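Chemist: My structure is in entry25.txt, and what it holds is compact mmCIF, C-alpha atoms:
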# COMPACT_ATOMS: atom_id res chain seq x y z
CA MET A 11 76.45 -52.32 -54.43
CA ALA A 12 74.33 -51.66 -57.55
CA ARG A 13 74.08 -54.59 -59.97
CA THR A 14 75.28 -54.37 -63.55
CA ALA A 15 72.23 -53.89 -65.77
CA SER A 16 71.50 -56.77 -68.15
CA LEU A 17 70.64 -54.18 -70.83
CA SER A 18 73.51 -51.73 -70.93
CA GLY A 19 72.56 -48.17 -70.07
CA PHE A 20 69.19 -49.05 -68.54
CA PRO A 21 69.74 -49.45 -64.78
CA GLU A 22 67.36 -51.28 -62.46
CA TRP A 23 67.45 -51.31 -58.66
CA LEU A 24 67.04 -54.08 -56.11
CA PRO A 25 64.45 -53.29 -53.41
CA GLN A 26 67.00 -51.95 -50.91
CA GLU A 27 68.65 -49.90 -53.66
CA ARG A 28 65.29 -48.49 -54.69
CA LEU A 29 64.72 -47.42 -51.07
CA VAL A 30 67.90 -45.33 -51.27
CA GLU A 31 66.68 -43.77 -54.52
CA LEU A 32 63.27 -43.02 -52.97
CA HIS A 33 65.01 -41.33 -50.04
CA VAL A 34 66.88 -39.09 -52.48
CA LEU A 35 63.69 -38.29 -54.42
CA ASP A 36 61.68 -37.58 -51.26
CA THR A 37 64.41 -35.31 -49.89
CA LEU A 38 64.55 -33.32 -53.12
CA ARG A 39 60.76 -33.08 -53.35
CA LYS A 40 60.44 -31.82 -49.77
CA THR A 41 63.16 -29.21 -50.26
CA PHE A 42 61.65 -27.97 -53.53
CA GLU A 43 58.17 -27.71 -52.01
CA LEU A 44 59.52 -25.85 -48.97
CA HIS A 45 60.65 -23.19 -51.42
CA GLY A 46 57.27 -22.99 -53.15
CA PHE A 47 57.93 -25.02 -56.29
CA SER A 48 54.92 -26.85 -57.77
CA SER A 49 55.21 -30.32 -59.28
CA ILE A 50 54.33 -30.99 -62.91
CA GLU A 51 54.78 -33.86 -65.32
CA THR A 52 55.15 -33.60 -69.08
CA ARG A 53 54.72 -36.30 -71.69
CA ALA A 54 57.69 -38.53 -72.51
CA VAL A 55 57.28 -37.95 -76.25
CA GLU A 56 57.99 -34.76 -78.22
CA THR A 57 58.36 -34.11 -81.93
CA VAL A 58 61.87 -34.24 -83.37
CA GLY A 59 61.51 -30.63 -84.49
CA GLN A 60 60.70 -29.53 -80.96
CA LEU A 61 63.65 -31.39 -79.44
CA LEU A 62 66.23 -30.30 -82.01
CA ARG A 63 65.35 -26.62 -82.28
CA LYS A 64 68.05 -25.57 -79.80
CA GLY A 65 71.54 -27.04 -79.52
CA GLU A 66 73.46 -29.85 -81.21
CA ILE A 67 72.00 -32.90 -79.56
CA ASP A 68 70.52 -34.82 -82.52
CA LYS A 69 72.82 -37.82 -81.98
CA GLU A 70 71.48 -38.26 -78.45
CA VAL A 71 67.78 -38.41 -79.33
CA TYR A 72 65.90 -41.72 -79.39
CA GLY A 73 63.36 -41.78 -82.21
CA LEU A 74 60.01 -43.46 -81.60
CA SER A 75 58.05 -45.62 -84.03
CA ARG A 76 55.59 -48.48 -83.92
CA LEU A 77 56.69 -51.92 -85.06
CA GLN A 78 53.59 -52.12 -87.24
CA ASP A 79 52.14 -49.05 -88.87
CA ASP A 80 49.73 -48.60 -91.71
CA GLU A 81 49.98 -45.40 -93.71
CA GLY A 82 46.84 -43.88 -92.27
CA GLU A 83 47.88 -44.52 -88.68
CA ALA A 84 51.38 -43.19 -89.30
CA ALA A 85 49.96 -40.02 -90.74
CA LYS A 86 47.80 -39.51 -87.66
CA GLN A 87 50.39 -40.37 -85.03
CA GLY A 88 53.58 -38.89 -86.51
CA SER A 89 56.05 -40.02 -89.14
CA SER A 90 58.56 -42.81 -88.41
CA ASP A 91 61.12 -40.97 -90.57
CA LYS A 92 63.53 -39.54 -88.01
CA SER A 93 64.51 -36.72 -90.40
CA ASP A 94 60.89 -35.54 -90.37
CA PRO A 95 60.46 -32.73 -87.78
CA ASN A 96 57.00 -34.12 -87.00
CA ALA A 97 58.36 -37.56 -86.09
CA PHE A 98 58.12 -38.64 -82.46
CA ALA A 99 61.10 -38.97 -80.14
CA LEU A 100 61.73 -39.47 -76.42
CA HIS A 101 62.77 -36.34 -74.55
CA PHE A 102 66.51 -36.09 -73.76
CA ASP A 103 66.02 -33.56 -70.95
CA LEU A 104 63.15 -31.87 -69.12
CA THR A 105 63.92 -28.25 -70.01
CA VAL A 106 62.90 -28.29 -73.69
CA PRO A 107 59.58 -30.08 -72.95
CA PHE A 108 58.97 -27.65 -70.09
CA ALA A 109 59.42 -24.69 -72.44
CA ARG A 110 56.76 -26.19 -74.74
CA TYR A 111 54.51 -26.84 -71.72
CA VAL A 112 54.76 -23.20 -70.61
CA VAL A 113 53.85 -21.89 -74.06
CA GLU A 114 50.85 -24.22 -74.39
CA ASN A 115 49.56 -23.59 -70.85
CA ALA A 116 50.49 -19.94 -70.36
CA GLY A 117 46.85 -18.95 -69.90
CA TYR A 118 46.52 -21.27 -66.90
CA LEU A 119 49.78 -20.41 -65.11
CA ALA A 120 50.60 -17.62 -62.66
CA PHE A 121 53.96 -15.98 -63.43
CA PRO A 122 56.68 -16.11 -62.30
CA PHE A 123 55.90 -19.83 -62.41
CA ARG A 124 57.94 -22.01 -60.04
CA ARG A 125 58.03 -25.66 -61.08
CA TYR A 126 59.81 -28.84 -60.13
CA GLN A 127 59.71 -31.99 -62.20
CA ILE A 128 61.06 -35.47 -61.50
CA GLN A 129 60.91 -37.82 -64.49
CA LYS A 130 62.78 -40.28 -66.67
CA VAL A 131 64.70 -39.04 -69.70
CA TRP A 132 66.51 -40.89 -72.50
CA ARG A 133 69.78 -40.23 -74.29
CA GLY A 134 71.46 -42.36 -76.92
CA GLU A 135 75.01 -42.08 -75.63
CA ARG A 136 77.68 -44.64 -74.79
CA PRO A 137 76.92 -46.13 -71.34
CA GLN A 138 79.65 -45.71 -68.73
CA GLU A 139 79.84 -44.87 -65.05
CA GLY A 140 77.65 -41.85 -64.45
CA ARG A 141 76.08 -42.02 -67.92
CA ALA A 142 73.02 -44.09 -68.73
CA ARG A 143 70.61 -44.22 -71.63
CA GLU A 144 67.58 -44.10 -69.37
CA PHE A 145 67.81 -42.10 -66.16
CA THR A 146 65.89 -39.90 -63.75
CA GLN A 147 66.30 -36.15 -63.52
CA ALA A 148 64.98 -33.73 -60.91
CA ASP A 149 64.56 -30.19 -62.24
CA ILE A 150 63.56 -26.86 -60.76
CA ASP A 151 62.84 -23.77 -62.84
CA VAL A 152 61.36 -20.32 -62.50
CA VAL A 153 59.82 -18.86 -65.66
CA GLY A 154 58.60 -15.31 -66.18
CA ASP A 155 56.24 -13.68 -68.65
CA GLY A 156 58.14 -11.06 -70.63
CA GLU A 157 60.88 -10.66 -68.05
CA LEU A 158 62.40 -12.55 -65.14
CA PRO A 159 64.37 -10.64 -62.50
CA PHE A 160 67.97 -11.77 -62.11
CA ARG A 161 67.40 -12.49 -58.41
CA TYR A 162 65.93 -15.85 -59.45
CA ASP A 163 69.35 -16.89 -60.82
CA VAL A 164 70.65 -16.36 -57.29
CA GLU A 165 67.72 -18.14 -55.63
CA ILE A 166 67.92 -21.23 -57.85
CA ALA A 167 71.59 -21.75 -56.95
CA LEU A 168 70.83 -21.44 -53.23
CA VAL A 169 67.88 -23.86 -53.38
CA ILE A 170 70.00 -26.48 -55.14
CA ALA A 171 72.82 -26.03 -52.62
CA GLU A 172 70.31 -26.64 -49.82
CA ALA A 173 68.80 -29.69 -51.56
CA LEU A 174 72.16 -31.32 -52.26
CA SER A 175 73.33 -30.63 -48.69
CA ALA A 176 70.42 -32.72 -47.41
CA LEU A 177 71.44 -35.81 -49.43
CA PRO A 178 73.77 -38.63 -48.31
CA ILE A 179 76.52 -37.59 -50.73
CA PRO A 180 80.10 -36.31 -50.42
CA ASP A 181 80.85 -32.60 -50.33
CA PHE A 182 80.05 -30.79 -53.60
CA ARG A 183 80.77 -27.56 -55.44
CA LEU A 184 78.47 -25.57 -57.71
CA ARG A 185 80.77 -24.24 -60.44
CA ILE A 186 79.13 -21.11 -61.83
CA ASN A 187 79.88 -18.90 -64.82
CA ASN A 188 77.91 -16.44 -66.93
CA ARG A 189 77.68 -16.71 -70.70
CA LYS A 190 77.32 -12.95 -71.07
CA LEU A 191 80.69 -12.62 -69.40
CA ALA A 192 82.23 -15.22 -71.70
CA GLU A 193 80.55 -14.02 -74.90
CA GLY A 194 81.41 -10.39 -74.15
CA PHE A 195 85.02 -11.34 -73.53
CA TYR A 196 85.28 -13.31 -76.79
CA ARG A 197 83.64 -10.46 -78.67
CA GLY A 198 86.03 -8.02 -77.02
CA ILE A 199 89.07 -9.93 -78.31
CA GLY A 200 87.61 -10.15 -81.83
CA LEU A 201 86.09 -13.66 -81.89
CA THR A 202 82.62 -13.13 -83.38
CA ASP A 203 81.41 -16.76 -83.39
CA THR A 204 80.91 -16.73 -79.63
CA ALA A 205 78.66 -19.81 -79.67
CA GLY A 206 81.40 -21.75 -81.45
CA VAL A 207 84.00 -20.61 -78.92
CA LEU A 208 81.71 -21.68 -76.06
CA ARG A 209 81.30 -25.14 -77.57
CA SER A 210 85.07 -25.46 -77.88
CA ILE A 211 85.73 -24.24 -74.31
CA ASP A 212 83.08 -26.69 -73.09
CA LYS A 213 85.42 -29.51 -74.22
CA LEU A 214 88.34 -28.19 -72.13
CA GLU A 215 88.21 -30.84 -69.38
CA LYS A 216 87.69 -33.65 -71.91
CA ILE A 217 90.46 -32.90 -74.42
CA GLY A 218 92.77 -30.40 -72.69
CA ALA A 219 93.95 -26.85 -73.39
CA ASP A 220 96.23 -27.63 -76.36
CA LYS A 221 93.49 -29.35 -78.36
CA VAL A 222 90.95 -26.65 -77.51
CA ALA A 223 93.43 -24.03 -78.74
CA GLY A 224 93.79 -26.05 -81.92
CA LEU A 225 90.02 -26.08 -82.42
CA LEU A 226 89.78 -22.34 -81.84
CA LYS A 227 92.43 -21.69 -84.47
CA SER A 228 91.46 -24.30 -87.08
CA GLU A 229 87.67 -24.09 -86.88
CA LEU A 230 87.06 -20.50 -85.74
CA GLY A 231 90.03 -18.68 -87.21
CA ALA A 232 91.44 -17.50 -83.88
CA THR A 233 94.99 -16.15 -83.73
CA ASP A 234 97.49 -17.51 -81.24
CA GLU A 235 96.89 -14.46 -79.04
CA GLN A 236 93.08 -14.80 -79.17
CA ALA A 237 93.22 -18.50 -78.32
CA ALA A 238 95.60 -17.82 -75.45
CA LEU A 239 93.33 -15.12 -74.01
CA ALA A 240 90.23 -17.33 -74.31
CA LEU A 241 92.03 -20.10 -72.44
CA GLN A 242 93.41 -17.65 -69.89
CA LEU A 243 89.86 -16.57 -69.07
CA ALA A 244 88.88 -20.21 -68.61
CA THR A 245 91.59 -20.74 -65.97
CA ILE A 246 90.05 -18.20 -63.57
CA ARG A 247 88.42 -19.87 -60.57
CA THR A 248 87.69 -18.25 -57.20
CA GLU A 249 85.57 -18.92 -54.12
CA ASP A 250 84.77 -15.23 -53.75
CA THR A 251 84.28 -12.20 -56.04
CA SER A 252 87.99 -11.70 -56.71
CA PHE A 253 87.40 -13.11 -60.21
CA VAL A 254 86.13 -9.64 -61.21
CA GLU A 255 89.55 -8.06 -60.78
CA GLN A 256 91.25 -11.02 -62.47
CA VAL A 257 89.04 -10.67 -65.56
CA ARG A 258 89.52 -6.92 -65.76
CA ALA A 259 93.27 -7.40 -65.44
CA LEU A 260 93.17 -9.11 -68.86
CA GLY A 261 92.39 -5.68 -70.36
CA VAL A 262 89.32 -6.60 -72.44
CA LYS A 263 86.51 -4.04 -72.77
CA ASP A 264 82.92 -4.89 -73.70
CA ASP A 265 79.48 -3.89 -72.38
CA LEU A 266 78.17 -7.48 -72.40
CA LEU A 267 81.27 -8.59 -70.50
CA GLU A 268 80.55 -6.01 -67.80
CA GLU A 269 76.91 -7.13 -67.53
CA GLY A 270 77.99 -10.75 -67.11
CA LEU A 271 80.60 -9.82 -64.51
CA SER A 272 77.96 -7.97 -62.49
CA GLU A 273 75.50 -10.87 -62.62
CA LEU A 274 78.06 -13.49 -61.64
CA GLN A 275 79.27 -11.26 -58.83
CA GLN A 276 75.72 -11.12 -57.41
CA VAL A 277 75.40 -14.92 -57.41
CA ILE A 278 78.78 -15.48 -55.74
CA GLU A 279 78.19 -12.76 -53.13
CA ALA A 280 74.89 -14.37 -52.10
CA ALA A 281 76.43 -17.85 -52.04
CA VAL A 282 79.34 -16.76 -49.86
CA GLN A 283 76.80 -15.50 -47.34
CA ARG A 284 74.10 -18.21 -47.51
CA ALA A 285 75.90 -21.33 -48.77
CA PRO A 286 79.53 -20.82 -47.72
CA GLY A 287 82.00 -23.23 -49.25
CA LYS A 288 79.49 -24.69 -51.72
CA VAL A 289 79.83 -22.36 -54.71
CA VAL A 290 82.79 -21.21 -56.81
CA ALA A 291 83.10 -18.86 -59.76
CA ASP A 292 84.58 -21.06 -62.49
CA LEU A 293 85.05 -19.30 -65.82
CA SER A 294 85.72 -22.55 -67.67
CA ILE A 295 82.05 -23.56 -67.42
CA ALA A 296 80.34 -23.03 -70.78
CA ARG A 297 77.47 -25.54 -71.19
CA GLY A 298 77.23 -26.82 -74.77
CA LEU A 299 73.54 -26.22 -75.41
CA ASP A 300 72.85 -23.03 -77.32
CA TYR A 301 69.75 -21.98 -75.42
CA TYR A 302 71.65 -20.75 -72.33
CA THR A 303 71.99 -16.96 -72.25
CA GLY A 304 73.36 -15.96 -68.83
CA THR A 305 74.14 -17.87 -65.64
CA VAL A 306 75.43 -21.41 -66.27
CA VAL A 307 76.11 -24.03 -63.61
CA GLU A 308 77.79 -27.41 -63.31
CA THR A 309 78.18 -29.30 -60.03
CA VAL A 310 80.79 -31.85 -59.03
CA LEU A 311 81.25 -34.11 -56.02
CA VAL A 312 84.54 -33.34 -54.28
CA GLY A 313 86.81 -36.34 -54.72
CA HIS A 314 84.54 -37.78 -57.41
CA GLU A 315 85.13 -35.25 -60.17
CA GLN A 316 85.58 -38.01 -62.75
CA LEU A 317 81.87 -38.75 -62.40
CA GLY A 318 81.09 -35.49 -64.20
CA SER A 319 78.45 -32.93 -63.36
CA ILE A 320 75.68 -34.13 -61.04
CA CYS A 321 73.64 -30.94 -61.42
CA SER A 322 73.66 -28.44 -64.27
CA GLY A 323 71.63 -25.76 -66.00
CA GLY A 324 71.30 -22.02 -66.15
CA ARG A 325 69.43 -19.03 -67.57
CA TYR A 326 67.54 -19.26 -70.87
CA ASP A 327 65.82 -16.14 -72.20
CA ALA A 328 64.55 -17.28 -75.61
CA LEU A 329 63.79 -20.99 -75.32
CA ALA A 330 60.05 -20.45 -74.78
CA SER A 331 58.16 -17.91 -76.89
CA LYS A 332 54.78 -17.41 -78.54
CA GLY A 333 54.78 -14.72 -81.18
CA ASN A 334 56.21 -11.61 -79.55
CA ARG A 335 55.59 -13.04 -76.08
CA LYS A 336 58.72 -14.36 -74.38
CA PHE A 337 58.99 -16.62 -71.34
CA PRO A 338 62.53 -16.30 -69.94
CA GLY A 339 63.56 -18.82 -67.32
CA VAL A 340 66.31 -20.15 -65.14
CA GLY A 341 66.64 -23.68 -63.84
CA LEU A 342 68.88 -26.49 -62.71
CA SER A 343 68.67 -30.24 -63.21
CA ILE A 344 69.97 -32.89 -60.82
CA GLY A 345 71.05 -36.20 -62.31
CA VAL A 346 69.33 -38.46 -59.79
CA THR A 347 70.39 -41.77 -61.36
CA ARG A 348 74.01 -40.61 -61.57
CA LEU A 349 73.93 -39.64 -57.89
CA VAL A 350 72.23 -42.84 -56.75
CA SER A 351 74.63 -45.00 -58.74
CA ARG A 352 77.57 -43.36 -57.00
CA ILE A 353 75.91 -43.59 -53.57
CA LEU A 354 75.35 -47.33 -54.07
CA SER A 355 78.69 -48.18 -55.71
CA GLN A 356 80.65 -46.36 -53.01
CA GLU A 357 78.30 -47.53 -50.23
CA LEU A 358 77.88 -43.93 -49.14
CA ALA A 359 74.44 -44.70 -47.70
CA THR A 360 72.40 -47.78 -46.84
CA ALA A 361 68.78 -48.54 -46.07
CA SER A 362 68.06 -49.86 -42.57
CA ARG A 363 66.19 -52.81 -44.08
CA ALA A 364 65.34 -54.17 -47.51
CA VAL A 365 61.55 -53.85 -47.32
CA PRO A 366 59.10 -51.31 -45.87
CA THR A 367 57.44 -54.01 -43.73
CA ALA A 368 58.02 -53.68 -39.99
CA VAL A 369 55.83 -56.57 -38.80
CA LEU A 370 54.96 -60.04 -40.08
CA VAL A 371 51.79 -61.51 -38.53
CA ALA A 372 52.37 -65.25 -38.11
CA LEU A 373 49.67 -67.87 -38.65
CA ASN A 374 48.79 -70.55 -36.11
CA SER A 375 46.77 -72.39 -38.75
CA ASP A 376 45.35 -71.67 -42.15
CA ASP A 377 42.00 -70.95 -40.46
CA SER A 378 43.61 -68.05 -38.56
CA TRP A 379 44.34 -66.07 -41.74
CA SER A 380 41.25 -63.85 -41.44
CA ALA A 381 41.96 -63.02 -37.79
CA ALA A 382 45.57 -62.25 -38.73
CA GLN A 383 44.34 -59.83 -41.37
CA ASP A 384 42.29 -58.05 -38.69
CA ILE A 385 45.44 -57.62 -36.58
CA ALA A 386 47.37 -56.37 -39.61
CA ALA A 387 44.62 -53.85 -40.38
CA GLN A 388 44.80 -52.49 -36.83
CA LEU A 389 48.56 -52.05 -37.09
CA ARG A 390 48.38 -50.49 -40.55
CA GLY A 391 45.69 -48.12 -39.33
CA ARG A 392 48.31 -46.63 -37.01
CA GLY A 393 50.94 -46.33 -39.73
CA ILE A 394 52.82 -49.58 -39.10
CA ALA A 395 53.72 -51.42 -42.33
CA THR A 396 52.50 -54.99 -41.86
CA GLU A 397 52.08 -58.15 -43.88
CA VAL A 398 50.55 -61.53 -43.07
CA ALA A 399 52.34 -64.86 -43.51
CA ALA A 400 51.23 -66.78 -46.58
CA LYS A 401 50.76 -70.13 -44.87
CA ALA A 402 50.78 -71.71 -41.43
CA GLU A 403 54.23 -73.30 -41.39
CA LYS A 404 56.16 -74.00 -38.20
CA PHE A 405 56.88 -70.76 -36.37
CA GLY A 406 60.60 -71.26 -36.93
CA LYS A 407 60.07 -71.23 -40.69
CA GLN A 408 57.85 -68.15 -40.48
CA ILE A 409 60.55 -66.39 -38.46
CA LYS A 410 63.18 -67.40 -41.04
CA PHE A 411 60.95 -66.00 -43.77
CA ALA A 412 60.75 -62.67 -41.92
CA ASP A 413 64.52 -62.69 -41.51
CA ARG A 414 65.09 -63.29 -45.25
CA ARG A 415 62.75 -60.42 -46.05
CA GLY A 416 64.45 -58.14 -43.55
CA ILE A 417 61.30 -57.76 -41.40
CA PRO A 418 62.35 -56.98 -37.81
CA PHE A 419 59.21 -58.09 -35.87
CA VAL A 420 56.96 -61.17 -35.91
CA TRP A 421 53.49 -61.07 -34.30
CA PHE A 422 52.01 -64.15 -32.61
CA THR A 423 48.49 -64.79 -31.34
CA ASP A 424 47.70 -67.93 -29.35
CA ASP A 425 44.39 -69.82 -29.29
CA ASP A 426 43.27 -67.80 -26.24
CA GLY A 427 43.70 -64.51 -28.11
CA LYS A 428 46.86 -63.46 -26.29
CA HIS A 429 49.23 -61.38 -28.43
CA GLN A 430 53.00 -61.30 -28.36
CA VAL A 431 55.57 -59.68 -30.64
CA LYS A 432 59.12 -60.89 -31.17
CA ASP A 433 62.12 -58.80 -32.20
CA ILE A 434 63.88 -61.45 -34.27
CA ARG A 435 67.19 -59.56 -34.14
CA SER A 436 67.52 -59.64 -30.35
CA GLY A 437 65.20 -62.58 -29.63
CA GLU A 438 63.17 -60.51 -27.16
CA GLN A 439 59.46 -61.45 -27.10
CA VAL A 440 56.90 -59.40 -25.15
CA ASP A 441 53.15 -59.14 -24.67
CA ALA A 442 51.52 -56.68 -27.04
CA ASP A 443 48.15 -55.11 -27.90
CA PRO A 444 47.46 -54.47 -31.62
CA THR A 445 45.53 -51.31 -30.71
CA THR A 446 48.44 -49.67 -28.88
CA TRP A 447 51.76 -51.40 -29.65
CA THR A 448 54.22 -49.45 -31.79
CA PRO A 449 57.76 -50.43 -32.75
CA PRO A 450 60.64 -48.17 -31.71
CA GLU A 451 60.86 -44.98 -33.78
CA GLU A 452 63.97 -46.18 -35.60
CA ASP A 453 62.09 -49.30 -36.78
CA LEU A 454 58.79 -47.68 -37.70
CA HIS A 455 59.99 -46.64 -41.14
CA VAL A 456 62.95 -47.53 -43.33
CA ARG A 457 65.80 -45.16 -42.62
CA VAL A 458 68.58 -44.29 -45.03
CA THR A 459 71.80 -43.52 -43.19
CA THR A 460 75.20 -42.37 -44.37
CA ALA A 461 78.13 -44.71 -44.06
Please express the file's structure as structure tokens.

Modeler:
Amino acid sequence: MARTASLSGFPEWLPQERLVELHVLDTLRKTFELHGFSSIETRAVETVGQLLRKGEIDKEVYGLSRLQDDEGEAAKQGSSDKSDPNAFALHFDLTVPFARYVVENAGYLAFPFRRYQIQKVWRGERPQEGRAREFTQADIDVVGDGELPFRYDVEIALVIAEALSALPIPDFRLRINNRKLAEGFYRGIGLTDTAGVLRSIDKLEKIGADKVAGLLKSELGATDEQAALALQLATIRTEDTSFVEQVRALGVKDDLLEEGLSELQQVIEAAVQRAPGKVVADLSIARGLDYYTGTVVETVLVGHEQLGSICSGGRYDALASKGNRKFPGVGLSIGVTRLVSRILSQELATASRAVPTAVLVALNSDDSWSAAQDIAAQLRGRGIATEVAAKAEKFGKQIKFADRRGIPFVWFTDDDGKHQVKDIRSGEQVDADPTTWTPPEEDLHVRVTTA
């Protein structure tokens, strides 16, 4: 089970826990690369103005300043005044920095540009299960130059469904909506502040329908009928395309609504065929950030819904631009730390051992250290993780050391140069040749298995 962090909101992993996290990261990376996504890394620091230009997230941003600054240095490196748009801050997600990266490097990129990015992010929110102040995200995005065909909205959802299916986690559901559908519907019933309605609907699961209706009426001027219709739309949830008929049955007419219905229908149709049982049309999904313009996604673990969304994102058409040049994109972000925390706390998966080492080379005497290093080098040269004992204690103590470390095999060499290797779990000890011996496949590398 994961330890409680000594500094709240900043988790750290024990070695065996880190091995589980690495397994998750490697699985995601391999899946993303199989689909042609290239890895990038952006800086951890952005300007406050860059981070706050889309969406109401200012309370989540960690400002950055030096403990000691002289005026000249502060002027060169960015103001420490957090109200200054040129002040430095840590990024709270990877999408906004990626938009800046695309604009600055557009001349070097081939569009549509397919990127994945796995990095730390920081948010100043109250720590609780599933929410940390420092955590790792794994993002994939496709960005176009001028336009981006809608088919990428479909592809992104399918790639994420494949990636999550390969992880040692419970069953999951991608809950998908389309903001065009929602905004067109709100516009069709006479609610013009569609962004405000979306922000209110986004709070539905946190505060309930009655309080959301109250917000719609008190803050946005909605009538009882308008609030009821907005909430009625949010109750529609289907595992197929039957949501189209349910929305049209509400009797609202709007061109943007029809466009959103068509787009969401395409995503759900593809998911029913290629990722059956993993995707649902959920018209309560809104996503609070203002930069989303079409498809929006949130993902929950079945039976662990209280954890919140483990993967979210959507389509953004105006986040990245340079003059009249637009770079529309679509992407999803997996909350790796949230997933790993749940895997560890629920013991959903375990590492086969606590360290990568498969073999400890024992020492007969301190003078045998150099020869032991030669043996270790031969084993490592064939891909076998090996370390050499630190000192020539009694063999029993060296075996106990290997056991404490979780190393399954101990290598012995007698004064005549004869080699033997001992499986300390079973006690079996056999002759071995460092140029040919290999541990069983299941012991060669650390394996992460589901409970």

Chemist: Using all atoms listed in the file, which of A:Gln430, A:Gln127, A:Ser378, A:Ser272 sits nearest Ser49 in chain A?

Modeler: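 Closest to Ser49 in chain A of all the choices is A:Gln127.
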
Chemist: Quote the spacing between CA of Ala280 in chain A and CA of Ala148 in chain A in Å to one decimal place.

Modeler: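 We find that CA of Ala280 in chain A and CA of Ala148 in chain A lie 23.5 Å from each other.
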
Chemist: Which of these residues is nearest to Thr347 in chain A, using all atoms listed in the file: A:Cys321, A:Leu214, A:Ala223, A:Val112?

Modeler: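 Nearest to Thr347 in chain A: A:Cys321.
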
Chemist: Find the residues around Val207 in chain A up to 8 Å (all atoms listed in the file counted), leave out those fewer than 5 positions away in its own chain, and share them as JSON, numbers by chain.

Modeler: {"A": [196, 201, 226, 230]}

Chemist: Counting all atoms listed in the file, which of A:Ile434, A:Leu184, A:Ala330, A:Leu74 gets nearest to Ala116 in chain A?

Modeler: A:Ala330

Chemist: Skip Ser331 in chain A itself and residues of its chain fewer than 5 positions away, then list as a list in words all residues within 12 Å of it, counting only C-alpha atoms.

Modeler: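 What passes the distance filter is Val106, Phe108, Ala109, Arg110, Tyr111, Val112, Val113, Glu114, Asn115, Ala116, Val153, Gly154, Asp155, Gly156, Glu157, Tyr326, Lys336, Phe337, Pro338 and Gly339 of chain A.
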
Chemist: With distances taken over all atoms listed in the file, which residue among A:Leu299, A:Ile344, A:Leu191, A:Leu454 lies nearest Leu329 in chain A?

Modeler: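 The shortest atom-to-atom distance to Leu329 in chain A comes from A:Leu299.
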
Chemist: For a test of reading the model, state the distance in Å between CA of Lys213 in chain A and CA of Thr309 in chain A, rounded to one decimal.

Modeler: 15.9 Å

Chemist: Work out how far apart CA of Gln383 in chain A and CA of Thr396 in chain A are and give it in Å to one decimal.

Modeler: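 It comes out at 9.5 Å.
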
Chemist: Tell me, as a ChimeraX atom specification, which residues lie within 10 Å of Arg141 in chain A, counting only C-alpha atoms; anything in the same chain fewer than 6 positions away does not count.

Modeler: /A:19-20,133,135,317-318,345,347-348,351

Chemist: Name the closest residue to Ser380 in chain A among the candidates A:Val277, A:Lys401, A:Val365, A:Asn188; distances are taken between atoms, counting all atoms listed in the file.

Modeler: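 Once distances to Ser380 in chain A are computed over all atoms listed in the file, the minimum belongs to A:Lys401.
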
Chemist: Excluding range 27-30 of chain A and its own-chain neighbours fewer than 5 positions away, which residues fall within 12 Å of it when counting all atoms listed in the file? Please give them as a JSON list (two decimals) with C-alpha atoms, keeping the file's coordinate frame.

Modeler:
[["chain", "number", "residue", "atom", "x", "y", "z"],
["A", 11, "MET", "CA", 76.45, -52.32, -54.43],
["A", 12, "ALA", "CA", 74.33, -51.66, -57.55],
["A", 13, "ARG", "CA", 74.08, -54.59, -59.97],
["A", 21, "PRO", "CA", 69.74, -49.45, -64.78],
["A", 22, "GLU", "CA", 67.36, -51.28, -62.46],
["A", 35, "LEU", "CA", 63.69, -38.29, -54.42],
["A", 36, "ASP", "CA", 61.68, -37.58, -51.26],
["A", 37, "THR", "CA", 64.41, -35.31, -49.89],
["A", 177, "LEU", "CA", 71.44, -35.81, -49.43],
["A", 178, "PRO", "CA", 73.77, -38.63, -48.31],
["A", 179, "ILE", "CA", 76.52, -37.59, -50.73],
["A", 346, "VAL", "CA", 69.33, -38.46, -59.79],
["A", 347, "THR", "CA", 70.39, -41.77, -61.36],
["A", 349, "LEU", "CA", 73.93, -39.64, -57.89],
["A", 350, "VAL", "CA", 72.23, -42.84, -56.75],
["A", 351, "SER", "CA", 74.63, -45.00, -58.74],
["A", 352, "ARG", "CA", 77.57, -43.36, -57.00],
["A", 353, "ILE", "CA", 75.91, -43.59, -53.57],
["A", 354, "LEU", "CA", 75.35, -47.33, -54.07],
["A", 355, "SER", "CA", 78.69, -48.18, -55.71],
["A", 357, "GLU", "CA", 78.30, -47.53, -50.23],
["A", 358, "LEU", "CA", 77.88, -43.93, -49.14],
["A", 359, "ALA", "CA", 74.44, -44.70, -47.70],
["A", 360, "THR", "CA", 72.40, -47.78, -46.84],
["A", 361, "ALA", "CA", 68.78, -48.54, -46.07],
["A", 362, "SER", "CA", 68.06, -49.86, -42.57],
["A", 363, "ARG", "CA", 66.19, -52.81, -44.08],
["A", 364, "ALA", "CA", 65.34, -54.17, -47.51],
["A", 365, "VAL", "CA", 61.55, -53.85, -47.32],
["A", 366, "PRO", "CA", 59.10, -51.31, -45.87],
["A", 455, "HIS", "CA", 59.99, -46.64, -41.14],
["A", 456, "VAL", "CA", 62.95, -47.53, -43.33],
["A", 457, "ARG", "CA", 65.80, -45.16, -42.62],
["A", 458, "VAL", "CA", 68.58, -44.29, -45.03],
["A", 459, "THR", "CA", 71.80, -43.52, -43.19],
["A", 460, "THR", "CA", 75.20, -42.37, -44.37]]

Chemist: Produce the centre coordinates and the three edge lengths, each in Å to one decimal, of the box along x, y and z that contains all listed atoms of range 409-423 of chain A with 6 Å added on each side, as lines of an AutoDock Vina configuration file.

Modeler:
center_x = 56.8
center_y = -62.2
center_z = -38.7
size_x = 28.6
size_y = 22.4
size_z = 26.7
